[in-house]
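Structure file coords-v3.cif with mmCIF, C-alpha atoms:
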data_work
#
loop_
_atom_site.label_atom_id
_atom_site.label_comp_id
_atom_site.auth_asym_id
_atom_site.auth_seq_id
_atom_site.Cartn_x
_atom_site.Cartn_y
_atom_site.Cartn_z
CA MET A 19 3.95 23.92 20.66
CA ASP A 20 4.83 26.60 18.09
CA THR A 21 3.94 25.20 14.71
CA ALA A 22 3.50 28.40 12.69
CA GLU A 23 6.73 27.82 10.76
CA LEU A 24 5.84 24.22 10.04
CA GLN A 25 2.41 25.26 8.74
CA ASP A 26 4.12 27.82 6.49
CA CYS A 27 6.51 25.18 5.14
CA ILE A 28 3.71 22.82 4.10
CA HIS A 29 1.50 25.67 2.87
CA HIS A 30 -1.40 24.47 4.94
CA ARG A 31 -2.94 26.48 7.73
CA PHE A 32 -4.81 24.08 10.01
CA ALA A 33 -8.42 24.87 10.83
CA GLN A 34 -8.30 22.20 13.53
CA VAL A 35 -4.90 22.46 15.18
CA LYS A 36 -5.60 19.38 17.29
CA PHE A 37 -4.97 17.21 14.22
CA LEU A 38 -1.52 18.74 13.85
CA GLU A 39 -0.79 18.28 17.54
CA THR A 40 -1.76 14.64 17.36
CA ALA A 41 0.46 14.13 14.30
CA LEU A 42 3.40 15.43 16.32
CA THR A 43 2.72 13.23 19.35
CA HIS A 44 4.74 10.04 19.53
CA SER A 45 3.22 7.15 21.45
CA SER A 46 5.99 7.35 24.04
CA PHE A 47 4.78 10.86 24.94
CA ALA A 48 1.10 9.91 25.02
CA ASN A 49 2.05 7.06 27.26
CA GLU A 50 3.29 9.41 29.96
CA GLN A 51 0.10 11.47 30.02
CA SER A 52 -3.58 10.77 30.39
CA GLY A 53 -6.08 11.27 27.63
CA ILE A 54 -3.65 12.27 24.87
CA GLU A 55 -3.87 10.58 21.50
CA ASP A 56 -0.69 9.49 19.73
CA ASN A 57 0.02 9.74 15.98
CA GLU A 58 -0.27 6.07 15.02
CA ARG A 59 -3.77 6.23 13.55
CA LEU A 60 -2.89 9.37 11.60
CA GLU A 61 0.22 7.62 10.29
CA PHE A 62 -1.99 4.78 9.02
CA LEU A 63 -4.12 7.30 7.17
CA GLY A 64 -1.25 9.46 5.93
CA ASP A 65 0.59 6.46 4.51
CA ALA A 66 -2.40 5.76 2.24
CA VAL A 67 -2.82 9.44 1.29
CA LEU A 68 0.83 9.64 0.32
CA GLU A 69 0.66 6.42 -1.67
CA LEU A 70 -2.30 7.60 -3.73
CA CYS A 71 -0.91 11.08 -4.43
CA ILE A 72 2.47 9.71 -5.51
CA SER A 73 0.77 7.00 -7.59
CA GLU A 74 -1.45 9.51 -9.36
CA GLU A 75 1.34 11.94 -10.07
CA GLY A 76 3.61 9.15 -11.35
CA PHE A 77 0.77 7.94 -13.57
CA ARG A 78 0.42 11.43 -15.06
CA ARG A 79 4.11 12.26 -15.36
CA TYR A 80 5.14 9.06 -17.07
CA PRO A 81 2.42 8.20 -19.58
CA SER A 82 4.49 5.49 -21.20
CA ALA A 83 5.81 3.85 -18.03
CA HIS A 84 4.30 0.50 -17.30
CA GLU A 85 3.00 -0.65 -13.96
CA GLY A 86 6.26 -2.22 -12.78
CA GLN A 87 8.16 0.98 -13.42
CA LEU A 88 5.56 3.11 -11.65
CA THR A 89 5.75 0.80 -8.65
CA ARG A 90 9.51 1.15 -8.47
CA ILE A 91 9.45 4.93 -8.80
CA ARG A 92 6.89 5.11 -6.01
CA SER A 93 8.91 2.83 -3.70
CA GLN A 94 11.93 5.00 -4.29
CA LEU A 95 10.06 8.19 -3.40
CA VAL A 96 8.28 6.95 -0.30
CA LYS A 97 10.99 4.85 1.29
CA GLU A 98 11.64 5.46 4.95
CA GLN A 99 14.96 7.20 4.42
CA SER A 100 13.47 9.72 1.97
CA LEU A 101 10.53 10.48 4.22
CA ALA A 102 12.84 10.94 7.20
CA GLY A 103 14.84 13.43 5.11
CA MET A 104 11.68 15.37 4.34
CA ALA A 105 10.74 15.30 8.01
CA ARG A 106 14.11 16.84 8.89
CA GLY A 107 13.66 19.44 6.15
CA LEU A 108 10.42 20.46 7.86
CA LYS A 109 12.15 20.38 11.25
CA LEU A 110 9.71 17.77 12.47
CA ASP A 111 12.52 16.36 14.57
CA GLN A 112 12.40 19.59 16.59
CA CYS A 113 8.60 19.72 16.87
CA ILE A 114 7.75 16.14 17.76
CA ARG A 115 6.73 15.30 21.30
CA LEU A 116 8.64 12.32 22.69
CA GLY A 117 8.55 10.43 25.95
CA ARG A 118 11.59 10.51 28.22
CA GLY A 119 12.76 6.97 27.50
CA GLU A 120 12.54 7.40 23.76
CA GLU A 121 14.33 10.74 24.05
CA LEU A 122 17.21 9.21 25.97
CA GLN A 123 17.37 6.40 23.44
CA GLY A 124 17.95 8.91 20.63
CA GLY A 125 14.48 8.51 19.11
CA ARG A 126 14.48 12.08 17.84
CA GLU A 127 17.12 11.07 15.28
CA ARG A 128 15.62 7.78 14.18
CA ASP A 129 14.53 7.53 10.53
CA ALA A 130 11.60 5.24 11.30
CA LEU A 131 10.16 7.56 13.93
CA LEU A 132 10.57 10.65 11.72
CA ALA A 133 9.10 8.96 8.64
CA ASP A 134 6.08 7.92 10.71
CA ALA A 135 5.60 11.48 11.95
CA PHE A 136 5.86 12.80 8.40
CA GLU A 137 3.12 10.41 7.27
CA ALA A 138 1.02 11.34 10.28
CA LEU A 139 1.38 15.01 9.32
CA LEU A 140 0.04 14.23 5.83
CA GLY A 141 -2.84 12.30 7.39
CA ALA A 142 -3.60 15.37 9.51
CA VAL A 143 -3.64 17.68 6.46
CA PHE A 144 -5.98 15.23 4.73
CA LEU A 145 -8.39 15.17 7.68
CA ASP A 146 -8.25 18.91 8.13
CA GLY A 147 -8.41 20.07 4.52
CA GLY A 148 -9.50 17.09 2.44
CA PHE A 149 -7.87 15.24 -0.43
CA GLU A 150 -7.05 18.27 -2.55
CA ALA A 151 -5.26 20.04 0.28
CA ALA A 152 -3.18 16.94 1.05
CA ARG A 153 -2.44 16.48 -2.64
CA ARG A 154 -1.16 20.06 -3.00
CA THR A 155 1.06 19.72 0.04
CA ILE A 156 2.48 16.40 -1.12
CA LEU A 157 3.13 17.47 -4.71
CA GLU A 158 4.95 20.57 -3.54
CA LEU A 159 7.12 18.63 -1.12
CA PHE A 160 8.02 16.03 -3.76
CA GLU A 161 8.39 18.44 -6.66
CA ASP A 162 12.14 17.89 -7.07
CA GLU A 163 12.15 14.18 -6.34
CA TRP A 164 10.84 12.79 -9.62
CA PRO A 165 13.36 11.03 -11.86
CA ALA A 166 13.83 12.34 -15.40
CA ARG A 167 11.94 10.21 -17.93
CA ALA A 168 15.18 8.92 -19.40
CA MET A 169 16.16 7.64 -15.95
CA LEU A 170 13.10 5.45 -15.43
CA PRO A 171 14.08 2.20 -13.77
CA GLU A 172 14.11 -0.71 -16.18
CA THR A 173 11.96 -3.69 -15.36
CA LYS A 174 12.47 -7.12 -16.81
CA ASP A 175 10.20 -8.44 -19.51
CA TYR A 176 8.12 -11.58 -18.90
CA LYS A 177 10.32 -13.90 -20.98
CA SER A 178 13.47 -13.00 -19.04
CA ARG A 179 11.65 -13.31 -15.74
CA LEU A 180 10.22 -16.74 -16.60
CA GLN A 181 13.71 -17.83 -17.62
CA GLU A 182 15.04 -16.84 -14.21
CA VAL A 183 12.22 -18.40 -12.25
CA ALA A 184 12.43 -21.68 -14.19
CA GLN A 185 16.17 -21.82 -13.69
CA GLU A 186 15.73 -21.31 -9.98
CA LEU A 187 12.87 -23.78 -9.52
CA PHE A 188 13.80 -26.51 -11.98
CA ARG A 189 17.41 -25.84 -12.99
CA ASP A 190 16.17 -25.85 -16.55
CA ARG A 191 14.73 -23.43 -19.08
CA PRO A 192 11.31 -23.07 -20.71
CA VAL A 193 11.01 -24.00 -24.40
CA TYR A 194 9.18 -21.80 -26.92
CA VAL A 195 7.67 -23.17 -30.15
CA LEU A 196 5.80 -21.23 -32.83
CA SER A 197 2.75 -23.44 -33.15
CA GLY A 198 0.76 -21.58 -35.77
CA THR A 199 -0.54 -18.39 -37.29
CA SER A 200 -4.03 -17.21 -38.12
CA GLY A 201 -5.90 -14.30 -39.66
CA PRO A 202 -5.39 -12.44 -42.92
CA GLU A 203 -1.92 -11.28 -43.94
CA HIS A 204 -2.30 -7.65 -42.84
CA GLU A 205 -3.48 -8.59 -39.34
CA LYS A 206 -1.82 -11.89 -38.84
CA LEU A 207 -1.70 -13.40 -35.37
CA PHE A 208 1.07 -15.66 -34.12
CA GLU A 209 0.67 -18.48 -31.63
CA VAL A 210 3.57 -19.52 -29.47
CA ASP A 211 3.55 -22.39 -26.98
CA VAL A 212 5.87 -22.30 -24.02
CA THR A 213 6.56 -25.55 -22.20
CA LEU A 214 7.86 -25.43 -18.64
CA PRO A 215 10.48 -27.96 -17.53
CA ARG A 216 7.82 -29.99 -15.68
CA GLY A 217 5.63 -30.18 -18.76
CA GLU A 218 2.92 -27.53 -18.28
CA ARG A 219 2.18 -25.72 -21.51
CA PHE A 220 0.77 -22.24 -22.18
CA ARG A 221 -0.24 -20.68 -25.44
CA GLY A 222 0.33 -17.00 -26.13
CA VAL A 223 -1.24 -15.18 -29.05
CA GLY A 224 0.15 -11.91 -30.35
CA SER A 225 0.49 -9.64 -33.34
CA SER A 226 4.17 -10.62 -33.60
CA VAL A 227 6.16 -13.67 -32.55
CA LYS A 228 7.83 -11.59 -29.87
CA ARG A 229 4.49 -10.48 -28.39
CA ALA A 230 3.15 -14.03 -28.51
CA GLU A 231 6.23 -15.24 -26.63
CA GLN A 232 5.81 -12.53 -24.01
CA GLU A 233 2.17 -13.44 -23.56
CA ALA A 234 2.97 -17.15 -23.21
CA ALA A 235 5.70 -16.30 -20.69
CA ARG A 236 3.27 -14.13 -18.71
CA MET A 237 0.82 -17.01 -18.39
CA GLY A 238 3.60 -19.37 -17.33
CA LEU A 239 4.78 -16.91 -14.70
CA GLU A 240 1.31 -16.41 -13.28
CA PHE A 241 0.83 -20.16 -13.09
CA LEU A 242 4.07 -20.60 -11.15
CA GLU A 243 3.32 -17.66 -8.87
CA GLU A 244 -0.12 -18.99 -7.98
CA GLU A 245 1.07 -22.50 -7.29
CA MET B 26 -18.82 -3.43 -25.40
CA ASP B 27 -22.11 -2.74 -23.61
CA THR B 28 -21.26 -1.27 -20.26
CA ALA B 29 -24.47 0.56 -19.41
CA GLU B 30 -25.43 -1.99 -16.76
CA LEU B 31 -21.98 -1.90 -15.22
CA GLN B 32 -22.08 1.91 -15.05
CA ASP B 33 -25.47 1.68 -13.34
CA CYS B 34 -24.14 -0.81 -10.81
CA ILE B 35 -21.26 1.43 -9.74
CA HIS B 36 -23.40 4.58 -9.91
CA HIS B 37 -20.89 6.31 -12.10
CA ARG B 38 -21.63 7.44 -15.63
CA PHE B 39 -18.30 7.84 -17.44
CA ALA B 40 -17.64 11.13 -19.21
CA GLN B 41 -14.67 9.50 -20.92
CA VAL B 42 -15.67 5.96 -21.81
CA LYS B 43 -12.17 5.15 -23.00
CA PHE B 44 -11.05 4.92 -19.36
CA LEU B 45 -13.68 2.28 -18.74
CA GLU B 46 -12.72 0.38 -21.87
CA THR B 47 -9.08 0.35 -20.83
CA ALA B 48 -10.01 -0.90 -17.37
CA LEU B 49 -11.76 -3.85 -19.00
CA THR B 50 -8.87 -4.72 -21.31
CA HIS B 51 -6.58 -7.47 -20.10
CA SER B 52 -2.99 -7.41 -21.34
CA SER B 53 -3.56 -10.68 -23.23
CA PHE B 54 -6.17 -8.90 -25.37
CA ALA B 55 -4.06 -5.78 -25.96
CA ASN B 56 -1.28 -8.10 -26.99
CA GLU B 57 -3.27 -9.39 -29.92
CA GLN B 58 -4.08 -5.95 -31.27
CA SER B 59 -2.14 -2.87 -32.20
CA GLY B 60 -2.36 0.38 -30.32
CA ILE B 61 -4.66 -0.75 -27.53
CA GLU B 62 -3.76 -0.01 -23.93
CA ASP B 63 -4.19 -2.69 -21.27
CA ASN B 64 -5.47 -2.17 -17.72
CA GLU B 65 -2.21 -2.59 -15.80
CA ARG B 66 -1.51 1.10 -15.24
CA LEU B 67 -5.10 1.71 -14.15
CA GLU B 68 -4.82 -1.22 -11.76
CA PHE B 69 -1.75 0.43 -10.21
CA LEU B 70 -3.74 3.62 -9.69
CA GLY B 71 -6.94 1.91 -8.56
CA ASP B 72 -5.13 -0.14 -5.95
CA ALA B 73 -3.97 3.09 -4.28
CA VAL B 74 -7.41 4.73 -4.58
CA LEU B 75 -9.02 1.72 -2.94
CA GLU B 76 -6.45 1.62 -0.18
CA LEU B 77 -6.98 5.26 0.74
CA CYS B 78 -10.78 5.12 0.67
CA ILE B 79 -10.88 1.98 2.81
CA SER B 80 -8.28 3.44 5.19
CA GLU B 81 -10.22 6.67 5.61
CA GLU B 82 -13.54 4.95 6.15
CA GLY B 83 -12.01 2.51 8.65
CA PHE B 84 -10.44 5.46 10.46
CA ARG B 85 -13.85 7.14 10.75
CA ARG B 86 -15.91 4.05 11.56
CA TYR B 87 -13.68 2.78 14.32
CA PRO B 88 -12.54 5.79 16.33
CA SER B 89 -11.10 3.66 19.08
CA ALA B 90 -9.35 1.07 16.92
CA HIS B 91 -5.60 1.34 16.92
CA GLU B 92 -3.40 1.25 13.86
CA GLY B 93 -2.80 -2.52 13.92
CA GLN B 94 -6.52 -3.20 13.99
CA LEU B 95 -7.21 -0.78 11.15
CA THR B 96 -4.51 -2.45 9.07
CA ARG B 97 -6.06 -5.87 9.63
CA ILE B 98 -9.57 -4.73 8.79
CA ARG B 99 -8.27 -3.16 5.58
CA SER B 100 -6.35 -6.30 4.55
CA GLN B 101 -9.48 -8.32 5.10
CA LEU B 102 -11.60 -6.04 2.92
CA VAL B 103 -9.19 -5.64 0.03
CA LYS B 104 -7.82 -9.16 -0.23
CA GLU B 105 -7.82 -10.69 -3.69
CA GLN B 106 -10.63 -13.11 -2.99
CA SER B 107 -12.97 -10.35 -1.77
CA LEU B 108 -12.21 -8.12 -4.73
CA ALA B 109 -12.76 -11.00 -7.14
CA GLY B 110 -16.15 -11.56 -5.50
CA MET B 111 -17.05 -7.90 -6.04
CA ALA B 112 -15.87 -8.16 -9.64
CA ARG B 113 -18.23 -11.09 -10.19
CA GLY B 114 -21.05 -9.18 -8.51
CA LEU B 115 -20.55 -6.44 -11.10
CA LYS B 116 -20.33 -9.09 -13.86
CA LEU B 117 -16.85 -7.89 -14.74
CA ASP B 118 -16.04 -11.47 -15.69
CA GLN B 119 -18.52 -11.09 -18.52
CA CYS B 120 -17.32 -7.65 -19.66
CA ILE B 121 -13.57 -8.09 -19.59
CA ARG B 122 -11.70 -8.45 -22.88
CA LEU B 123 -9.29 -11.38 -22.87
CA GLY B 124 -6.83 -12.79 -25.35
CA ARG B 125 -7.46 -16.23 -26.84
CA GLY B 126 -4.76 -18.02 -24.90
CA GLU B 127 -5.87 -16.59 -21.58
CA GLU B 128 -9.48 -17.41 -22.44
CA LEU B 129 -8.64 -21.06 -23.16
CA GLN B 130 -6.63 -21.20 -19.95
CA GLY B 131 -9.73 -20.22 -17.95
CA GLY B 132 -8.51 -16.70 -17.16
CA ARG B 133 -12.07 -15.38 -17.02
CA GLU B 134 -12.57 -17.30 -13.78
CA ARG B 135 -9.29 -16.46 -12.09
CA ASP B 136 -9.49 -14.46 -8.87
CA ALA B 137 -6.24 -12.60 -9.54
CA LEU B 138 -7.32 -11.44 -12.97
CA LEU B 139 -10.76 -10.35 -11.74
CA ALA B 140 -9.38 -8.54 -8.70
CA ASP B 141 -6.97 -6.65 -10.96
CA ALA B 142 -9.81 -5.64 -13.29
CA PHE B 143 -11.85 -4.46 -10.31
CA GLU B 144 -9.00 -2.24 -9.13
CA ALA B 145 -8.51 -0.96 -12.69
CA LEU B 146 -12.19 -0.03 -12.78
CA LEU B 147 -11.78 2.02 -9.60
CA GLY B 148 -8.72 3.70 -11.11
CA ALA B 149 -10.83 4.58 -14.15
CA VAL B 150 -13.58 6.13 -12.00
CA PHE B 151 -10.92 8.15 -10.17
CA LEU B 152 -9.43 9.48 -13.41
CA ASP B 153 -12.81 10.20 -14.90
CA GLY B 154 -14.60 11.70 -11.92
CA GLY B 155 -11.94 12.56 -9.35
CA PHE B 156 -11.40 11.42 -5.79
CA GLU B 157 -14.91 12.10 -4.51
CA ALA B 158 -16.53 10.07 -7.30
CA ALA B 159 -14.22 7.12 -6.64
CA ARG B 160 -14.84 7.42 -2.93
CA ARG B 161 -18.62 7.30 -3.37
CA THR B 162 -18.41 4.26 -5.62
CA ILE B 163 -16.08 2.42 -3.25
CA LEU B 164 -18.05 3.18 -0.08
CA GLU B 165 -21.25 1.99 -1.71
CA LEU B 166 -19.67 -1.23 -2.91
CA PHE B 167 -18.16 -1.97 0.50
CA GLU B 168 -21.15 -0.81 2.57
CA ASP B 169 -21.96 -4.28 3.91
CA GLU B 170 -18.41 -5.49 4.35
CA TRP B 171 -17.42 -3.67 7.51
CA PRO B 172 -17.16 -5.77 10.66
CA ALA B 173 -19.26 -4.80 13.67
CA ARG B 174 -17.23 -2.91 16.25
CA ALA B 175 -17.47 -5.78 18.68
CA MET B 176 -15.89 -8.04 16.08
CA LEU B 177 -12.75 -5.97 15.59
CA PRO B 178 -9.74 -8.23 15.20
CA GLU B 179 -7.59 -8.31 18.31
CA THR B 180 -3.98 -7.37 17.94
CA LYS B 181 -1.34 -8.32 20.42
CA ASP B 182 0.06 -5.76 22.81
CA TYR B 183 3.76 -4.87 22.70
CA LYS B 184 4.70 -6.88 25.77
CA SER B 185 3.22 -10.11 24.38
CA ARG B 186 4.83 -9.50 21.00
CA LEU B 187 8.26 -8.86 22.50
CA GLN B 188 7.88 -12.05 24.51
CA GLU B 189 7.23 -14.02 21.33
CA VAL B 190 10.03 -12.44 19.35
CA ALA B 191 12.56 -12.94 22.15
CA GLN B 192 11.52 -16.56 22.53
CA GLU B 193 11.99 -17.12 18.84
CA LEU B 194 15.31 -15.29 18.50
CA PHE B 195 16.98 -16.17 21.80
CA ARG B 196 14.93 -19.00 23.32
CA ASP B 197 14.61 -16.79 26.37
CA ARG B 198 12.35 -14.09 27.74
CA PRO B 199 12.83 -10.39 28.42
CA VAL B 200 13.00 -9.29 32.06
CA TYR B 201 11.07 -6.27 33.41
CA VAL B 202 12.15 -4.30 36.48
CA LEU B 203 10.46 -1.28 38.02
CA SER B 204 13.45 1.02 38.33
CA GLY B 205 11.88 4.11 39.77
CA THR B 206 9.06 6.61 40.01
CA SER B 207 8.96 10.37 39.71
CA GLY B 208 6.61 13.31 39.90
CA PRO B 209 4.04 14.32 42.52
CA GLU B 210 1.58 11.75 43.85
CA HIS B 211 -1.39 12.74 41.64
CA GLU B 212 0.61 12.54 38.43
CA LYS B 213 3.20 10.00 39.30
CA LEU B 214 5.27 8.45 36.52
CA PHE B 215 6.67 4.95 36.61
CA GLU B 216 9.92 3.83 35.01
CA VAL B 217 10.34 0.24 33.90
CA ASP B 218 13.52 -1.23 32.42
CA VAL B 219 13.26 -4.22 30.14
CA THR B 220 16.40 -6.27 29.53
CA LEU B 221 16.60 -8.47 26.46
CA PRO B 222 18.28 -11.88 26.71
CA ARG B 223 21.42 -10.54 25.02
CA GLY B 224 21.70 -7.65 27.47
CA GLU B 225 20.27 -4.60 25.67
CA ARG B 226 18.17 -2.50 28.01
CA PHE B 227 15.32 -0.07 27.32
CA ARG B 228 13.54 2.25 29.69
CA GLY B 229 9.85 2.91 29.39
CA VAL B 230 8.09 5.70 31.25
CA GLY B 231 4.34 5.70 31.79
CA SER B 232 1.53 6.89 34.00
CA SER B 233 1.13 3.32 35.29
CA VAL B 234 3.46 0.34 35.62
CA LYS B 235 1.56 -1.38 32.85
CA ARG B 236 1.98 1.54 30.46
CA ALA B 237 5.65 1.84 31.31
CA GLU B 238 6.12 -1.86 30.58
CA GLN B 239 4.33 -1.51 27.26
CA GLU B 240 6.50 1.43 26.33
CA ALA B 241 9.70 -0.40 27.25
CA ALA B 242 8.54 -3.41 25.24
CA ARG B 243 7.78 -1.19 22.24
CA MET B 244 11.31 0.19 22.25
CA GLY B 245 12.78 -3.29 22.55
CA LEU B 246 10.66 -4.50 19.64
CA GLU B 247 11.67 -1.59 17.44
CA PHE B 248 15.31 -2.22 18.25
CA LEU B 249 15.03 -5.88 17.26
CA GLU B 250 13.06 -5.07 14.12
CA GLU B 251 15.63 -2.55 12.93
CA GLU B 252 18.62 -4.80 13.55
#

Serialized structure, structure tokens:
Amino acid sequence: MDTAELQDCIHHRFAQVKFLETALTHSSFANEQSGIEDNERLEFLGDAVLELCISEEGFRRYPSAHEGQLTRIRSQLVKEQSLAGMARGLKLDQCIRLGRGEELQGGRERDALLADAFEALLGAVFLDGGFEAARRTILELFEDEWPARAMLPETKDYKSRLQEVAQELFRDRPVYVLSGTSGPEHEKLFEVDVTLPRGERFRGVGSSVKRAEQEAARMGLEFLEEE
Amino acid sequence: MDTAELQDCIHHRFAQVKFLETALTHSSFANEQSGIEDNERLEFLGDAVLELCISEEGFRRYPSAHEGQLTRIRSQLVKEQSLAGMARGLKLDQCIRLGRGEELQGGRERDALLADAFEALLGAVFLDGGFEAARRTILELFEDEWPARAMLPETKDYKSRLQEVAQELFRDRPVYVLSGTSGPEHEKLFEVDVTLPRGERFRGVGSSVKRAEQEAARMGLEFLEEE
């Protein structure tokens, strides 16, 4: 297996080449030999390495994005189709070792198989060089994939989401009532009660009516999700 | 907020205490103030940190476990109920800052809220001290949670799983036929064709009939899963 070019592409020179070989070994190949390990364990590890590095970088790049937005950006970046594209960019499809049946079945072209191999490769870098080495490799590979800040995916606020869920579950909408205020004028707090169609009530407190409504809606949503 | 005891418990002394404070701030509290950040972004980060550290440690502890087993062990360790238990062990339920509504609603006792705060705390350690610091904290906290090797959860082999899936989808079973052998006697390869009830056929090659069957079943399963 000549992997010099691949190692150049990911800017990581393996100290222990056996990790790289395992990453490039599909189970169908291992199955035809004795005593060869396939890449499934490395894929398990690489998937988690990738998830953390993309999470961290998203966290740093988008300081005002909230959790739902970060989750959506990450899903977009690490979806199977994207990873398979990266695998092809690295010519993993040419390096991977397949069994005969899988080869005949066109496995070398399959997105799922290539995405798995890509994750296994990242797992191998992590084992060989540690977290920082894997992080460098991943950030370089994904450098051009991050959406511009203005293009961040929108996520729905709690009030809109509760509206939708209530409509779906009960064919009716939640009712919001401003039930009181407290505190001195310059730091006044508003209390809003939301009542779900079945009668459960939740009180949100916030520094504006809008925030109090959002908070009440959040509690209502969590209640319905845990039911 | 007195967090000295908490910092002792996790063996991490924060250089930037603001990360810790944010980890202990529920959105319902931030909602009642101005300019305070809640712990949702840190939870996003901490979830990924936890997943990688548990994945890596599982990988190292169980060198003969396959990917499905490692996934199950990890799910077991990081499930909400377990994390909430750890949060209580660290007295996070006493440290966390909640809004009034959430407090009245009993949020301080809720597993979901405590598990989120626990993950946010790990995200804060990661930001403050880097990957190695987070890893040390996590491995210490989970030291007694790992199952003995003999107790590893069993996962079903491909042939059994294909059987189940075919039964469910088609009310019928796949059929295996040994279609040929190849290679010299001492490294003979067996070819097994599996035919699904609807007629699709997949050929597995392996160094024994059993391995060839498993490989054929794996291809059939992947075909059905991608449909």

### Task
Please identify all polymer residues within 12 Å of A:Glu23, counting all atoms listed in the file, omitting same-chain residues fewer than 6 positions from it, and present them as an MDAnalysis selection string.
chainID A and resid 29:31 107:110 112:113

Using all atoms listed in the file, find each residue of chain B with at least one atom at most 7 Å away from an atom of chain A; report its shortest atom-to-atom pair and that distance in Å (one decimal), sort the rows by chain and rising residue number, and return the result as a tab-separated table.
residue	atom	partner	partner_atom	distance
B:Ser53	CA	A:Glu233	CA	6.4
B:Asn56	CA	A:Gly224	CA	5.3
B:Glu57	CA	A:Gly224	CA	4.3
B:Gln58	CA	A:Ser225	CA	6.2
B:Glu65	CA	A:Glu85	CA	5.9
B:Arg66	CA	A:Glu85	CA	5.0
B:Phe69	CA	A:Glu85	CA	6.1
B:Leu70	CA	A:Ser73	CA	6.0
B:Ala73	CA	A:Leu70	CA	4.8
B:Val74	CA	A:Leu70	CA	5.9
B:Glu76	CA	A:Ala66	CA	6.3
B:Leu77	CA	A:Ala66	CA	4.8
B:Ser80	CA	A:Leu63	CA	6.0
B:Glu81	CA	A:Leu63	CA	6.3
B:His91	CA	A:Arg59	CA	6.2
B:Glu92	CA	A:Arg59	CA	5.0
B:Arg125	CA	A:Val223	CA	6.7
B:Gly126	CA	A:Arg221	CA	5.3
B:Leu214	CA	A:Glu50	CA	6.9
B:Arg228	CA	A:Gly119	CA	5.3
B:Gly229	CA	A:Gly119	CA	5.3
B:Val230	CA	A:Gly119	CA	6.1
B:Gly231	CA	A:Glu50	CA	4.3
B:Ser232	CA	A:Glu50	CA	5.1
B:Arg236	CA	A:Asn49	CA	6.4
B:Glu240	CA	A:Ser46	CA	6.4

### Message
Quick check on the file I pasted: which residues fall under the PyMOL selection byres ((chain A and resi 43) around 6)? Write them as a PyMOL selection string.
### Response
chain A and resi 40-42+44+56-57+115

### Query
In Å to one decimal, how far is atom CA of B:Glu134 from atom CA of B:Ala109?
9.2 Å

### Task
Calculate how many Å separate atom CA of B:Glu238 from atom CA of B:Val219, rounding to one decimal.
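For atom CA of B:Glu238 relative to atom CA of B:Val219, the distance reads 7.5 Å.
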
### Query
Which residue gives the smallest distance to A:Ala135 among A:Glu161, A:Glu186, A:Asp111, A:Glu245, with only C-alpha atoms counted?
A:Asp111

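Excluding A:Trp164 and any residue on its chain fewer than 5 positions from it, the residues at most 10 Å away by all atoms listed in the file are A:Ile72, A:Glu75, A:Gly76, A:Arg79, A:Ile91, A:Arg92, A:Gln94, A:Leu95, A:Met169, A:Leu170.
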
Okay, now the selection with C-alpha atoms, as a short mmCIF file (atom, residue, chain, number, x, y, z; two decimals), in the coordinates of the input?
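Contents of out-v3.cif, as written:
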data_model
loop_
_atom_site.label_atom_id
_atom_site.label_comp_id
_atom_site.auth_asym_id
_atom_site.auth_seq_id
_atom_site.Cartn_x
_atom_site.Cartn_y
_atom_site.Cartn_z
CA ILE A 72 2.47 9.71 -5.51
CA GLU A 75 1.34 11.94 -10.07
CA GLY A 76 3.61 9.15 -11.35
CA ARG A 79 4.11 12.26 -15.36
CA ILE A 91 9.45 4.93 -8.80
CA ARG A 92 6.89 5.11 -6.01
CA GLN A 94 11.93 5.00 -4.29
CA LEU A 95 10.06 8.19 -3.40
CA MET A 169 16.16 7.64 -15.95
CA LEU A 170 13.10 5.45 -15.43
#

Might you spell out which residues the PyMOL selection byres ((chain B and resi 200) around 7) would select in the displayed file, as a tab-separated table (two decimals) with C-alpha atoms, in the coordinates of the input?
chain	number	residue	atom	x	y	z
B	198	ARG	CA	12.35	-14.09	27.74
B	199	PRO	CA	12.83	-10.39	28.42
B	201	TYR	CA	11.07	-6.27	33.41
B	202	VAL	CA	12.15	-4.30	36.48
B	219	VAL	CA	13.26	-4.22	30.14
B	220	THR	CA	16.40	-6.27	29.53
B	221	LEU	CA	16.60	-8.47	26.46

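In this model, the gap between atom CA of B:Asp197 and atom CA of A:Glu121 comes to 27.6 Å.
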